[in-house]
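S.K.: File follows, my_file_6.csv with CSV, C-alpha atoms:
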```
chain,number,residue,atom,x,y,z
A,1,MET,CA,119.2,65.3,129.2
A,2,ALA,CA,115.5,65.8,128.9
A,3,GLY,CA,114.9,65.9,132.6
A,4,PHE,CA,117.7,68.4,133.1
A,5,PHE,CA,116.0,71.3,131.3
A,6,GLU,CA,112.8,72.9,132.2
A,7,ARG,CA,110.5,73.1,129.2
A,8,LYS,CA,107.2,74.6,128.4
A,9,THR,CA,104.4,72.5,127.0
A,10,LYS,CA,101.3,73.2,125.1
A,11,GLU,CA,98.7,75.1,127.0
A,12,ASP,CA,94.9,74.7,127.1
A,13,LYS,CA,94.6,78.2,125.5
A,14,PRO,CA,96.5,79.6,122.5
A,15,VAL,CA,99.8,81.3,123.3
A,16,LEU,CA,100.8,84.4,121.4
A,17,ALA,CA,104.6,85.2,121.6
A,18,ILE,CA,105.5,88.8,121.0
A,19,CYS,CA,109.2,89.1,120.3
A,20,TYR,CA,111.0,92.4,120.4
A,21,ASP,CA,114.3,93.8,119.4
A,22,PHE,CA,115.4,96.3,122.0
A,23,ASP,CA,117.5,99.2,120.7
A,24,HIS,CA,115.5,101.6,118.5
A,25,THR,CA,112.5,99.3,119.1
A,26,LEU,CA,111.7,99.7,122.8
A,27,SER,CA,114.4,102.4,123.4
A,28,PRO,CA,115.1,105.4,121.1
A,29,ASP,CA,118.9,104.8,121.1
A,30,ASP,CA,121.5,102.1,121.6
A,31,MET,CA,121.6,101.1,125.3
A,32,GLN,CA,125.4,101.5,125.4
A,33,ALA,CA,125.1,105.1,124.2
A,34,GLN,CA,123.0,106.2,127.1
A,35,GLY,CA,125.7,106.5,129.7
A,36,PHE,CA,128.3,103.7,129.4
A,37,ILE,CA,130.1,105.0,126.3
A,38,GLN,CA,130.3,108.5,127.7
A,39,GLU,CA,131.6,107.3,131.0
A,40,VAL,CA,134.5,105.4,129.5
A,41,GLY,CA,135.6,108.6,127.8
A,42,TRP,CA,134.5,108.1,124.2
A,43,SER,CA,132.1,109.9,122.0
A,44,VAL,CA,129.3,107.7,120.8
A,45,ALA,CA,130.2,108.0,117.1
A,46,ASP,CA,133.9,107.2,117.7
A,47,PHE,CA,133.1,104.2,119.9
A,48,TRP,CA,131.0,102.6,117.2
A,49,LYS,CA,133.6,103.5,114.5
A,50,GLY,CA,136.2,101.8,116.8
A,51,THR,CA,134.2,98.6,117.1
A,52,THR,CA,133.6,98.5,113.4
A,53,ARG,CA,137.3,98.9,112.7
A,54,LEU,CA,138.2,96.2,115.3
A,55,ALA,CA,135.7,93.7,113.7
A,56,ARG,CA,136.8,94.4,110.1
A,57,ASP,CA,140.6,94.3,110.9
A,58,ASN,CA,140.3,91.0,112.7
A,59,ASP,CA,137.6,89.2,110.8
A,60,MET,CA,135.6,89.4,114.1
A,61,ASP,CA,131.9,89.3,114.8
A,62,ALA,CA,130.7,92.9,115.3
A,63,ASN,CA,128.9,92.1,118.6
A,64,LEU,CA,132.0,90.4,120.0
A,65,ALA,CA,134.0,93.5,118.9
A,66,TYR,CA,131.8,95.9,120.9
A,67,MET,CA,131.8,93.6,123.9
A,68,LEU,CA,135.6,93.5,123.9
A,69,MET,CA,135.7,97.3,123.6
A,70,MET,CA,133.4,97.5,126.6
A,71,LEU,CA,135.7,95.3,128.6
A,72,GLU,CA,138.9,97.0,127.5
A,73,GLU,CA,137.6,100.6,127.9
A,74,SER,CA,136.1,100.1,131.3
A,75,ARG,CA,139.3,98.5,132.7
A,76,GLY,CA,141.1,100.9,135.1
A,77,LYS,CA,138.1,103.1,135.3
A,78,PHE,CA,135.5,101.0,137.1
A,79,ALA,CA,134.7,97.3,137.6
A,80,LEU,CA,132.3,96.1,134.9
A,81,THR,CA,130.1,94.0,137.2
A,82,ARG,CA,126.6,92.7,136.6
A,83,GLN,CA,125.2,95.3,138.9
A,84,VAL,CA,127.0,98.1,137.1
A,85,LEU,CA,125.5,96.9,133.8
A,86,MET,CA,122.0,96.7,135.4
A,87,ASP,CA,122.4,100.2,136.7
A,88,TYR,CA,123.2,101.4,133.2
A,89,GLY,CA,120.2,99.6,132.0
A,90,ALA,CA,118.0,101.3,134.6
A,91,ARG,CA,118.9,104.6,133.0
A,92,VAL,CA,117.9,103.6,129.5
A,93,GLN,CA,115.2,105.8,128.0
A,94,LEU,CA,112.1,104.1,126.6
A,95,PHE,CA,109.6,105.0,123.9
A,96,PRO,CA,106.2,106.4,125.2
A,97,GLY,CA,104.1,103.7,127.0
A,98,VAL,CA,106.7,101.0,127.0
A,99,ALA,CA,106.9,100.7,130.8
A,100,GLU,CA,103.1,99.9,131.0
A,101,TRP,CA,102.8,98.1,127.7
A,102,PHE,CA,103.6,94.5,128.6
A,103,GLU,CA,101.2,93.9,131.5
A,104,ARG,CA,98.4,95.8,129.7
A,105,ILE,CA,98.7,93.7,126.5
A,106,ARG,CA,99.0,90.6,128.6
A,107,GLU,CA,95.7,91.5,130.4
A,108,TYR,CA,94.0,92.2,127.1
A,109,GLY,CA,95.1,88.7,125.9
A,110,ARG,CA,93.6,87.2,129.1
A,111,GLN,CA,90.3,88.9,128.3
A,112,GLN,CA,90.3,87.3,124.8
A,113,GLY,CA,91.3,83.9,126.0
A,114,VAL,CA,94.9,84.2,124.7
A,115,ILE,CA,98.1,83.7,126.8
A,116,VAL,CA,100.4,86.6,125.8
A,117,GLU,CA,104.1,86.1,126.4
A,118,HIS,CA,106.8,88.8,125.8
A,119,TYR,CA,110.3,87.9,124.6
A,120,ILE,CA,113.4,90.0,124.0
A,121,ILE,CA,115.7,88.9,121.1
A,122,SER,CA,118.4,91.6,120.9
A,123,SER,CA,122.1,92.1,120.1
A,124,GLY,CA,122.3,94.4,123.1
A,125,ILE,CA,123.5,93.5,126.5
A,126,LYS,CA,121.3,91.1,128.5
A,127,GLU,CA,122.4,92.5,131.9
A,128,MET,CA,121.5,96.0,130.9
A,129,ILE,CA,118.0,94.9,129.8
A,130,GLU,CA,117.6,93.0,133.1
A,131,GLY,CA,118.2,96.4,134.8
A,132,THR,CA,115.2,98.0,133.2
A,133,GLU,CA,112.1,98.5,135.4
A,134,MET,CA,109.9,96.3,133.3
A,135,ALA,CA,112.4,93.4,133.3
A,136,LYS,CA,112.6,93.7,137.1
A,137,LYS,CA,108.8,93.4,137.3
A,138,GLY,CA,108.9,90.1,135.3
A,139,ALA,CA,107.7,91.5,132.0
A,140,PHE,CA,109.6,89.1,129.8
A,141,THR,CA,109.3,85.3,129.7
A,142,GLU,CA,112.8,85.1,128.4
A,143,ILE,CA,115.5,87.6,127.4
A,144,TYR,CA,117.8,86.4,124.6
A,145,ALA,CA,120.6,88.9,124.2
A,146,SER,CA,124.4,89.2,124.2
A,147,SER,CA,125.8,88.6,127.7
A,148,PHE,CA,129.0,88.4,129.7
A,149,TYR,CA,130.6,85.6,131.8
A,150,PHE,CA,131.3,87.0,135.3
A,151,ASN,CA,134.0,85.7,137.6
A,152,GLU,CA,133.8,85.1,141.3
A,153,LYS,CA,134.0,88.9,142.0
A,154,ASP,CA,131.0,89.3,139.7
A,155,GLU,CA,133.2,91.1,137.1
A,156,ALA,CA,132.7,90.7,133.4
A,157,VAL,CA,135.7,88.8,131.9
A,158,TRP,CA,134.5,87.1,128.7
A,159,PRO,CA,131.4,87.0,126.4
A,160,ALA,CA,129.0,84.3,127.4
A,161,MET,CA,126.6,84.8,124.5
A,162,ALA,CA,126.8,86.9,121.3
A,163,VAL,CA,123.5,87.4,119.6
A,164,ASN,CA,123.8,88.7,116.0
A,165,TYR,CA,121.2,89.3,113.3
A,166,THR,CA,121.8,85.8,111.7
A,167,ASN,CA,121.6,83.7,114.9
A,168,LYS,CA,118.6,85.5,116.2
A,169,THR,CA,116.3,83.0,114.4
A,170,GLN,CA,117.3,80.1,116.6
A,171,PHE,CA,115.4,81.7,119.5
A,172,LEU,CA,112.2,81.7,117.5
A,173,PHE,CA,112.5,77.9,117.1
A,174,ARG,CA,113.1,77.6,120.9
A,175,ILE,CA,109.9,79.6,121.6
A,176,GLU,CA,108.0,77.6,119.1
A,177,LYS,CA,108.8,74.3,120.8
A,178,GLY,CA,108.9,75.6,124.4
A,179,VAL,CA,112.6,74.7,124.6
A,180,LEU,CA,113.8,78.0,126.0
A,181,ASP,CA,117.1,77.1,127.6
A,182,VAL,CA,119.9,78.1,125.2
A,183,ASN,CA,121.8,74.9,126.0
A,184,ASP,CA,118.8,72.5,125.5
A,185,PRO,CA,119.5,70.4,122.3
A,186,ALA,CA,115.9,69.5,122.0
A,187,VAL,CA,115.5,72.6,119.8
A,188,ASN,CA,116.6,70.3,117.0
A,189,ASP,CA,114.0,67.6,117.8
A,190,ASN,CA,111.0,67.1,115.5
A,191,PHE,CA,107.7,68.2,117.0
A,192,PRO,CA,104.4,67.3,115.3
A,193,GLN,CA,102.8,70.6,114.2
A,194,GLU,CA,99.8,70.2,116.5
A,195,GLU,CA,102.1,69.7,119.5
A,196,ARG,CA,104.2,72.9,119.0
A,197,ARG,CA,103.5,75.2,121.9
A,198,VAL,CA,103.7,78.5,119.9
A,199,PRO,CA,103.3,77.8,116.2
A,200,PHE,CA,104.8,80.5,114.0
A,201,ARG,CA,101.3,81.8,113.1
A,202,ASN,CA,101.1,82.8,116.7
A,203,MET,CA,104.3,84.8,116.8
A,204,VAL,CA,104.8,88.6,116.4
A,205,TYR,CA,108.2,90.1,115.8
A,206,ILE,CA,108.7,93.8,116.4
A,207,GLY,CA,111.8,95.4,115.1
A,208,ASP,CA,113.2,98.5,113.5
A,209,SER,CA,115.9,97.7,111.0
A,210,ASP,CA,117.7,95.3,108.6
A,211,THR,CA,119.2,93.4,111.5
A,212,ASP,CA,115.7,92.1,112.3
A,213,VAL,CA,115.0,91.0,108.8
A,214,PRO,CA,115.9,87.2,109.2
A,215,CYS,CA,113.5,86.9,112.1
A,216,MET,CA,110.8,88.9,110.3
A,217,ARG,CA,111.1,86.9,107.2
A,218,LEU,CA,110.9,83.6,109.1
A,219,VAL,CA,107.8,84.7,111.0
A,220,ASN,CA,106.2,85.9,107.8
A,221,ALA,CA,107.0,82.7,105.9
A,222,TYR,CA,105.1,80.6,108.4
A,223,GLY,CA,102.0,82.8,108.8
A,224,GLY,CA,103.0,85.0,111.7
A,225,HIS,CA,103.1,88.8,112.1
A,226,SER,CA,106.1,91.1,111.6
A,227,ILE,CA,105.9,94.8,112.5
A,228,GLY,CA,108.4,97.5,111.8
A,229,VAL,CA,108.4,100.5,114.2
A,230,TYR,CA,109.9,103.9,113.6
A,231,ALA,CA,110.6,107.0,115.7
A,232,PRO,CA,108.8,110.1,114.3
A,233,GLU,CA,112.0,112.1,114.1
A,234,SER,CA,113.6,109.3,112.0
A,235,GLY,CA,110.8,109.2,109.5
A,236,LYS,CA,109.2,106.2,107.7
A,237,ARG,CA,111.8,105.7,104.9
A,238,LYS,CA,113.2,102.5,106.5
A,239,VAL,CA,109.8,100.9,107.2
A,240,TYR,CA,108.7,101.8,103.7
A,241,LYS,CA,111.6,99.9,102.3
A,242,MET,CA,111.0,96.9,104.6
A,243,LEU,CA,107.3,96.7,103.6
A,244,ARG,CA,108.1,97.1,99.9
A,245,GLU,CA,110.6,94.2,100.1
A,246,ASN,CA,108.1,92.0,102.0
A,247,ARG,CA,110.2,92.0,105.2
A,248,ILE,CA,107.3,93.2,107.3
A,249,LYS,CA,103.5,93.0,107.1
A,250,TYR,CA,102.8,96.2,109.1
A,251,TYR,CA,104.5,99.3,110.4
A,252,ALA,CA,103.6,101.7,113.2
A,253,GLU,CA,105.1,104.5,115.2
A,254,ALA,CA,107.0,103.3,118.2
A,255,ASP,CA,104.3,104.6,120.5
A,256,TYR,CA,103.2,102.0,123.0
A,257,ARG,CA,100.5,104.0,124.7
A,258,GLU,CA,96.9,102.9,124.8
A,259,ASP,CA,94.9,103.8,121.7
A,260,SER,CA,98.0,104.2,119.6
A,261,ALA,CA,98.3,102.6,116.2
A,262,LEU,CA,100.6,99.9,117.6
A,263,ASP,CA,98.2,99.3,120.5
A,264,TRP,CA,95.3,98.8,118.0
A,265,LEU,CA,97.5,96.5,115.8
A,266,LEU,CA,98.5,94.2,118.6
A,267,LYS,CA,95.0,94.0,120.0
A,268,SER,CA,93.7,93.1,116.5
A,269,ILE,CA,96.3,90.3,116.3
A,270,ILE,CA,95.2,89.0,119.6
A,271,GLN,CA,91.6,88.9,118.5
A,272,SER,CA,92.6,87.2,115.3
A,273,THR,CA,94.6,84.6,117.2
A,274,ALA,CA,91.7,83.8,119.4
A,275,ALA,CA,89.4,83.2,116.4
A,276,ASN,CA,91.9,81.4,114.2
A,277,GLU,CA,92.9,79.0,117.0
A,278,GLN,CA,89.3,77.8,117.3
A,279,LEU,CA,89.4,77.0,113.6
A,280,GLU,CA,92.8,75.2,114.0
A,281,ALA,CA,91.4,73.2,116.8
A,282,PHE,CA,88.5,72.1,114.7
A,283,HIS,CA,90.9,71.3,111.8
A,284,TYR,CA,92.9,68.9,114.1
A,285,THR,CA,89.6,67.3,115.4
A,286,LEU,CA,88.8,66.5,111.8
A,287,LYS,CA,92.3,65.4,111.1
A,288,ASN,CA,92.2,63.0,114.0
A,289,GLU,CA,88.8,61.6,112.8
A,290,VAL,CA,90.4,61.0,109.4
A,291,GLU,CA,93.4,59.2,111.0
A,292,ASN,CA,91.1,57.0,113.1
A,293,PHE,CA,89.2,56.2,109.9
A,294,ALA,CA,92.4,55.2,108.2
A,295,GLN,CA,93.5,53.0,111.1
A,296,ASN,CA,90.1,51.3,111.0
A,297,GLU,CA,90.5,50.8,107.3
A,298,MET,CA,93.9,49.1,107.9
A,299,LYS,CA,92.2,46.8,110.4
A,300,ARG,CA,89.6,46.0,107.8
A,301,SER,CA,92.4,44.8,105.5
A,302,ALA,CA,93.2,42.0,108.0
A,303,PRO,CA,92.4,38.5,106.6
A,304,GLU,CA,89.4,37.9,108.9
A,305,THR,CA,88.0,41.3,108.1
A,306,ARG,CA,88.4,40.8,104.4
A,307,GLU,CA,86.6,37.5,104.6
A,308,LYS,CA,83.7,39.1,106.4
A,309,GLU,CA,83.6,41.9,103.8
A,310,ARG,CA,83.4,39.2,101.0
A,311,LEU,CA,80.6,37.5,102.8
A,312,ILE,CA,78.6,40.7,103.2
A,313,GLN,CA,79.1,41.6,99.5
A,314,ALA,CA,78.0,38.1,98.5
A,315,LEU,CA,74.9,38.3,100.6
A,316,ALA,CA,74.0,41.6,99.1
A,317,GLY,CA,74.2,40.2,95.6
A,318,SER,CA,72.5,36.9,96.4
A,319,ARG,CA,69.5,36.3,94.1
A,320,ASN,CA,68.5,32.6,94.8
A,321,PHE,CA,67.8,30.4,97.8
A,322,ALA,CA,70.6,28.0,97.1
A,323,THR,CA,73.3,30.7,97.2
A,324,THR,CA,71.7,32.3,100.3
A,325,HIS,CA,71.6,28.9,102.2
A,326,MET,CA,75.3,28.3,101.4
A,327,LEU,CA,76.2,31.8,102.5
A,328,VAL,CA,74.2,31.6,105.8
A,329,GLU,CA,76.3,28.6,106.9
A,330,ARG,CA,79.5,30.6,106.4
A,331,LEU,CA,78.0,33.6,108.1
A,332,LEU,CA,77.0,31.6,111.1
A,333,SER,CA,80.6,30.5,111.5
A,334,VAL,CA,81.8,34.0,112.1
A,335,PRO,CA,81.9,34.7,115.9
A,336,ASN,CA,82.0,38.5,115.9
A,337,TRP,CA,80.6,41.3,113.9
A,338,THR,CA,81.3,45.0,114.4
A,339,LYS,CA,78.5,47.5,114.8
A,340,GLU,CA,79.2,48.8,111.3
A,341,GLU,CA,79.1,45.3,109.8
A,342,ARG,CA,75.8,44.4,111.6
A,343,ASP,CA,74.2,47.6,110.3
A,344,GLU,CA,75.2,46.7,106.8
A,345,LEU,CA,73.8,43.1,107.2
A,346,PHE,CA,70.5,44.6,108.6
A,347,ARG,CA,70.3,46.9,105.6
A,348,ILE,CA,70.9,44.0,103.2
A,349,GLY,CA,68.2,42.0,105.0
A,350,GLU,CA,65.7,44.9,104.5
A,351,GLU,CA,66.6,45.9,100.9
A,352,ASN,CA,67.4,42.5,99.3
A,353,LYS,CA,63.8,41.2,99.0
A,354,GLN,CA,64.9,37.6,98.3
A,355,ILE,CA,66.6,37.5,101.7
A,356,TYR,CA,63.8,39.4,103.4
A,357,TYR,CA,61.3,36.8,102.3
A,358,MET,CA,63.6,34.0,103.5
A,359,LEU,CA,63.6,35.2,107.1
A,360,GLY,CA,61.2,32.4,107.9
A,361,ASP,CA,64.1,30.0,107.1
A,362,ALA,CA,65.4,28.6,110.4
A,363,ARG,CA,69.1,29.0,109.7
A,364,LEU,CA,68.7,32.6,108.3
A,365,ALA,CA,66.5,33.5,111.2
A,366,LYS,CA,69.0,32.1,113.7
A,367,PHE,CA,71.7,34.3,112.0
A,368,TYR,CA,69.7,37.5,112.2
A,369,ARG,CA,68.5,36.8,115.8
A,370,GLY,CA,72.1,36.4,116.8
A,371,LEU,CA,72.9,39.8,115.3
A,372,LEU,CA,69.9,41.4,117.0
A,373,ALA,CA,71.0,40.0,120.4
A,374,GLN,CA,74.1,42.2,120.1
A,375,GLU,CA,72.2,45.4,119.5
A,376,GLU,CA,71.9,47.9,122.4
A,377,GLU,CA,69.5,50.1,120.3
A,378,ASP,CA,68.0,49.1,117.1
A,379,SER,CA,68.7,51.1,113.9
A,380,LEU,CA,65.9,51.6,111.4
A,381,PHE,CA,66.9,48.5,109.4
A,382,ALA,CA,67.5,46.4,112.6
A,383,ARG,CA,64.0,47.3,113.8
A,384,SER,CA,62.5,46.2,110.5
A,385,ILE,CA,64.3,42.8,110.7
A,386,ARG,CA,63.2,42.3,114.3
A,387,GLU,CA,59.6,43.0,113.4
A,388,ALA,CA,59.7,40.6,110.5
A,389,LEU,CA,61.2,37.8,112.7
A,390,GLU,CA,58.6,38.4,115.4
A,391,ALA,CA,55.9,38.2,112.7
A,392,GLN,CA,57.3,34.8,111.8
A,393,GLY,CA,56.7,33.6,115.4
```
Since I need it in another form, could you write the structure as structure tokens?
M.R.:
Amino acid sequence: MAGFFERKTKEDKPVLAICYDFDHTLSPDDMQAQGFIQEVGWSVADFWKGTTRLARDNDMDANLAYMLMMLEESRGKFALTRQVLMDYGARVQLFPGVAEWFERIREYGRQQGVIVEHYIISSGIKEMIEGTEMAKKGAFTEIYASSFYFNEKDEAVWPAMAVNYTNKTQFLFRIEKGVLDVNDPAVNDNFPQEERRVPFRNMVYIGDSDTDVPCMRLVNAYGGHSIGVYAPESGKRKVYKMLRENRIKYYAEADYREDSALDWLLKSIIQSTAANEQLEAFHYTLKNEVENFAQNEMKRSAPETREKERLIQALAGSRNFATTHMLVERLLSVPNWTKEERDELFRIGEENKQIYYMLGDARLAKFYRGLLAQEEEDSLFARSIREALEAQG
């Protein structure tokens, strides 16, 4: 199965994933309420009341209910094709600056050494979002939204995907691991923290309401950034509540133009990401060093290594000629010494004066000359032993 799905892997630069709700986050109104509902002959208020009643009376998911209403109410009026939905999407209004936002923020990331990717995670209609000008220009790495299954005539006949506020979080895990295809089961695989393509600390979630709370809380819990946006005419009451309840870290007006508060906030997060990832890289360098040390320690626990360690300790504690002579015979029988072990033996030869004065002994001299023959560059202690042996002639 692994070869079937295209997956993203860790980059040589940090990746910042900015995830957006759509309705009331990028657009000031529900996308269905900007042409579709009116053209099937409903008022906006009555249409949403109808979907709520349908869901409640049938124990039905609210998103499946509105998708069914779209299918039923368009029947006999026009064919609900993919292109028709995209055309409705092209008419969707956007908050100020949205159309230019994605490439501008991506470029700022490039300047800071950060790869910025934009993702949509929405309960709205994917085909409508695909009809927006920015989507056509490739603004989004992936669009996760409710979508239809289309028959051979390209007519919508059944829901293919329903995205609600509780299942939105799965897409964050897909982004984290680079497992973006909604059918790829590898989203459940365990990835070591340092191999995760977009760790949660490098995620931003931008939303406007309680339906975004599960994603916001998840991103917050793992060190990421959650932002509540509001329209000026709606006021700040909702974002006040979200911040007070620790749902979001920040809030800003839904103004995506350059030099707006939201623009400053995202640029600050990009700068922070660039600096923090340098520290994270240093952390994993140290972690690898510690793991290598631990592996070497395990090797040292092998019987041969333990025996050499005992001999080194015994030589360090030797205080008479008889003990040293006995140890030298056992030391000479060891075929290989590591660089660390040789350095320790040279140190002992220098600091244990009883051994230093015995360097004139033929067997001890043979042992140390054998160690010196393996040195590419003498350490301070090795140099002292070499000079002492040369003085002996």
S.K.: Report as a tab-separated table: every residue of range 97-175 of chain A with an atom at most 10 Å from range 63-69 of chain A, its closest pair of atoms, and their distance in Å to one decimal, counting only C-alpha atoms, with rows sorted by chain and ascending residue number.
M.R.:
```
residue	atom	partner	partner_atom	distance
A:Ser123	CA	A:Asn63	CA	7.0
A:Gly124	CA	A:Asn63	CA	8.3
A:Ile125	CA	A:Met67	CA	8.7
A:Ser146	CA	A:Asn63	CA	7.7
A:Ser147	CA	A:Met67	CA	8.7
A:Phe148	CA	A:Met67	CA	8.3
A:Ala156	CA	A:Met67	CA	10.0
A:Val157	CA	A:Leu68	CA	9.3
A:Trp158	CA	A:Leu68	CA	8.1
A:Pro159	CA	A:Met67	CA	7.1
A:Met161	CA	A:Leu64	CA	9.0
A:Ala162	CA	A:Asn63	CA	6.2
A:Val163	CA	A:Asn63	CA	7.2
A:Asn164	CA	A:Asn63	CA	6.7
A:Tyr165	CA	A:Asn63	CA	9.8
```
S.K.: Taking into account all atoms listed in the file, which residue in the set A:Ser209, A:Ser384, A:Asn58, A:Ser260 is nearest to Lys236 in chain A?
M.R.: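 Smallest separation from Lys236 in chain A among the options: A:Ser209.
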S.K.: Which residue, A:His325, A:Asn167, A:Glu350, A:Arg110, has the smallest gap to Asp61 in chain A when you use only C-alpha atoms?
M.R.: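 Closest to Asp61 in chain A of all the choices is A:Asn167.
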S.K.: To one decimal place, how far is CA of Glu152 in chain A from CA of Asp87 in chain A in Å?
M.R.: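 Value for the CA of Glu152 in chain A-CA of Asp87 in chain A distance: 19.5 Å.
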S.K.: Could you check which residues have any atom within 7 Å of (79.2, 38.0, 120.6), counting only C-alpha atoms with coordinates taken straight from the file, and then list them as a PDB file with C-alpha atoms, in the frame of the given file?
M.R.:
```
ATOM      1  CA  PRO A 335      81.900  34.700 115.900  1.00  0.00           C
ATOM      2  CA  ASN A 336      82.000  38.500 115.900  1.00  0.00           C
ATOM      3  CA  GLN A 374      74.100  42.200 120.100  1.00  0.00           C
TER       4      GLN A 374
END
```
S.K.: Kindly give the distance, in Å, that separates CA of Lys241 in chain A and CA of Val213 in chain A, rounded to a single decimal.
M.R.: 11.5 Å
S.K.: Would you output range 333-352 of chain A from that structure, restricted to N, CA and C atoms, as a PDB file, in the first residue's frame?
M.R.:
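So the final result, stored in out.pdb, reads:
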```pdb
ATOM      1  N   SER A 333      48.425  -9.446  25.979  1.00  0.00           N
ATOM      2  CA  SER A 333      47.627 -10.478  25.301  1.00  0.00           C
ATOM      3  C   SER A 333      46.380  -9.906  24.630  1.00  0.00           C
ATOM      4  N   VAL A 334      46.069  -8.634  24.913  1.00  0.00           N
ATOM      5  CA  VAL A 334      44.895  -8.002  24.302  1.00  0.00           C
ATOM      6  C   VAL A 334      45.282  -7.476  22.917  1.00  0.00           C
ATOM      7  N   PRO A 335      44.637  -7.934  21.848  1.00  0.00           N
ATOM      8  CA  PRO A 335      45.067  -7.550  20.496  1.00  0.00           C
ATOM      9  C   PRO A 335      44.697  -6.126  20.086  1.00  0.00           C
ATOM     10  N   ASN A 336      43.553  -5.614  20.562  1.00  0.00           N
ATOM     11  CA  ASN A 336      43.083  -4.305  20.089  1.00  0.00           C
ATOM     12  C   ASN A 336      42.640  -3.426  21.250  1.00  0.00           C
ATOM     13  N   TRP A 337      43.052  -2.156  21.141  1.00  0.00           N
ATOM     14  CA  TRP A 337      42.625  -1.152  22.109  1.00  0.00           C
ATOM     15  C   TRP A 337      41.990   0.012  21.349  1.00  0.00           C
ATOM     16  N   THR A 338      40.876   0.512  21.853  1.00  0.00           N
ATOM     17  CA  THR A 338      40.241   1.655  21.195  1.00  0.00           C
ATOM     18  C   THR A 338      41.040   2.925  21.486  1.00  0.00           C
ATOM     19  N   LYS A 339      40.764   3.972  20.729  1.00  0.00           N
ATOM     20  CA  LYS A 339      41.432   5.261  20.943  1.00  0.00           C
ATOM     21  C   LYS A 339      41.204   5.745  22.370  1.00  0.00           C
ATOM     22  N   GLU A 340      39.957   5.630  22.877  1.00  0.00           N
ATOM     23  CA  GLU A 340      39.660   6.067  24.237  1.00  0.00           C
ATOM     24  C   GLU A 340      40.439   5.255  25.263  1.00  0.00           C
ATOM     25  N   GLU A 341      40.542   3.946  25.015  1.00  0.00           N
ATOM     26  CA  GLU A 341      41.279   3.083  25.950  1.00  0.00           C
ATOM     27  C   GLU A 341      42.773   3.408  25.924  1.00  0.00           C
ATOM     28  N   ARG A 342      43.326   3.648  24.737  1.00  0.00           N
ATOM     29  CA  ARG A 342      44.751   3.999  24.650  1.00  0.00           C
ATOM     30  C   ARG A 342      45.028   5.311  25.377  1.00  0.00           C
ATOM     31  N   ASP A 343      44.144   6.294  25.186  1.00  0.00           N
ATOM     32  CA  ASP A 343      44.333   7.580  25.874  1.00  0.00           C
ATOM     33  C   ASP A 343      44.355   7.395  27.383  1.00  0.00           C
ATOM     34  N   GLU A 344      43.489   6.514  27.883  1.00  0.00           N
ATOM     35  CA  GLU A 344      43.451   6.265  29.323  1.00  0.00           C
ATOM     36  C   GLU A 344      44.728   5.574  29.797  1.00  0.00           C
ATOM     37  N   LEU A 345      45.245   4.626  29.003  1.00  0.00           N
ATOM     38  CA  LEU A 345      46.492   3.927  29.369  1.00  0.00           C
ATOM     39  C   LEU A 345      47.684   4.880  29.348  1.00  0.00           C
ATOM     40  N   PHE A 346      47.721   5.802  28.394  1.00  0.00           N
ATOM     41  CA  PHE A 346      48.802   6.809  28.377  1.00  0.00           C
ATOM     42  C   PHE A 346      48.695   7.724  29.606  1.00  0.00           C
ATOM     43  N   ARG A 347      47.482   8.081  29.960  1.00  0.00           N
ATOM     44  CA  ARG A 347      47.310   8.942  31.142  1.00  0.00           C
ATOM     45  C   ARG A 347      47.815   8.239  32.394  1.00  0.00           C
ATOM     46  N   ILE A 348      47.469   6.942  32.512  1.00  0.00           N
ATOM     47  CA  ILE A 348      47.927   6.171  33.682  1.00  0.00           C
ATOM     48  C   ILE A 348      49.448   6.091  33.705  1.00  0.00           C
ATOM     49  N   GLY A 349      50.048   5.845  32.520  1.00  0.00           N
ATOM     50  CA  GLY A 349      51.512   5.772  32.442  1.00  0.00           C
ATOM     51  C   GLY A 349      52.193   7.057  32.872  1.00  0.00           C
ATOM     52  N   GLU A 350      51.525   8.182  32.623  1.00  0.00           N
ATOM     53  CA  GLU A 350      52.080   9.489  33.001  1.00  0.00           C
ATOM     54  C   GLU A 350      51.844   9.788  34.474  1.00  0.00           C
ATOM     55  N   GLU A 351      50.654   9.498  34.963  1.00  0.00           N
ATOM     56  CA  GLU A 351      50.276   9.938  36.300  1.00  0.00           C
ATOM     57  C   GLU A 351      50.630   8.947  37.395  1.00  0.00           C
ATOM     58  N   ASN A 352      50.689   7.634  37.093  1.00  0.00           N
ATOM     59  CA  ASN A 352      51.103   6.640  38.085  1.00  0.00           C
ATOM     60  C   ASN A 352      52.628   6.551  38.048  1.00  0.00           C
TER      61      ASN A 352
END
```
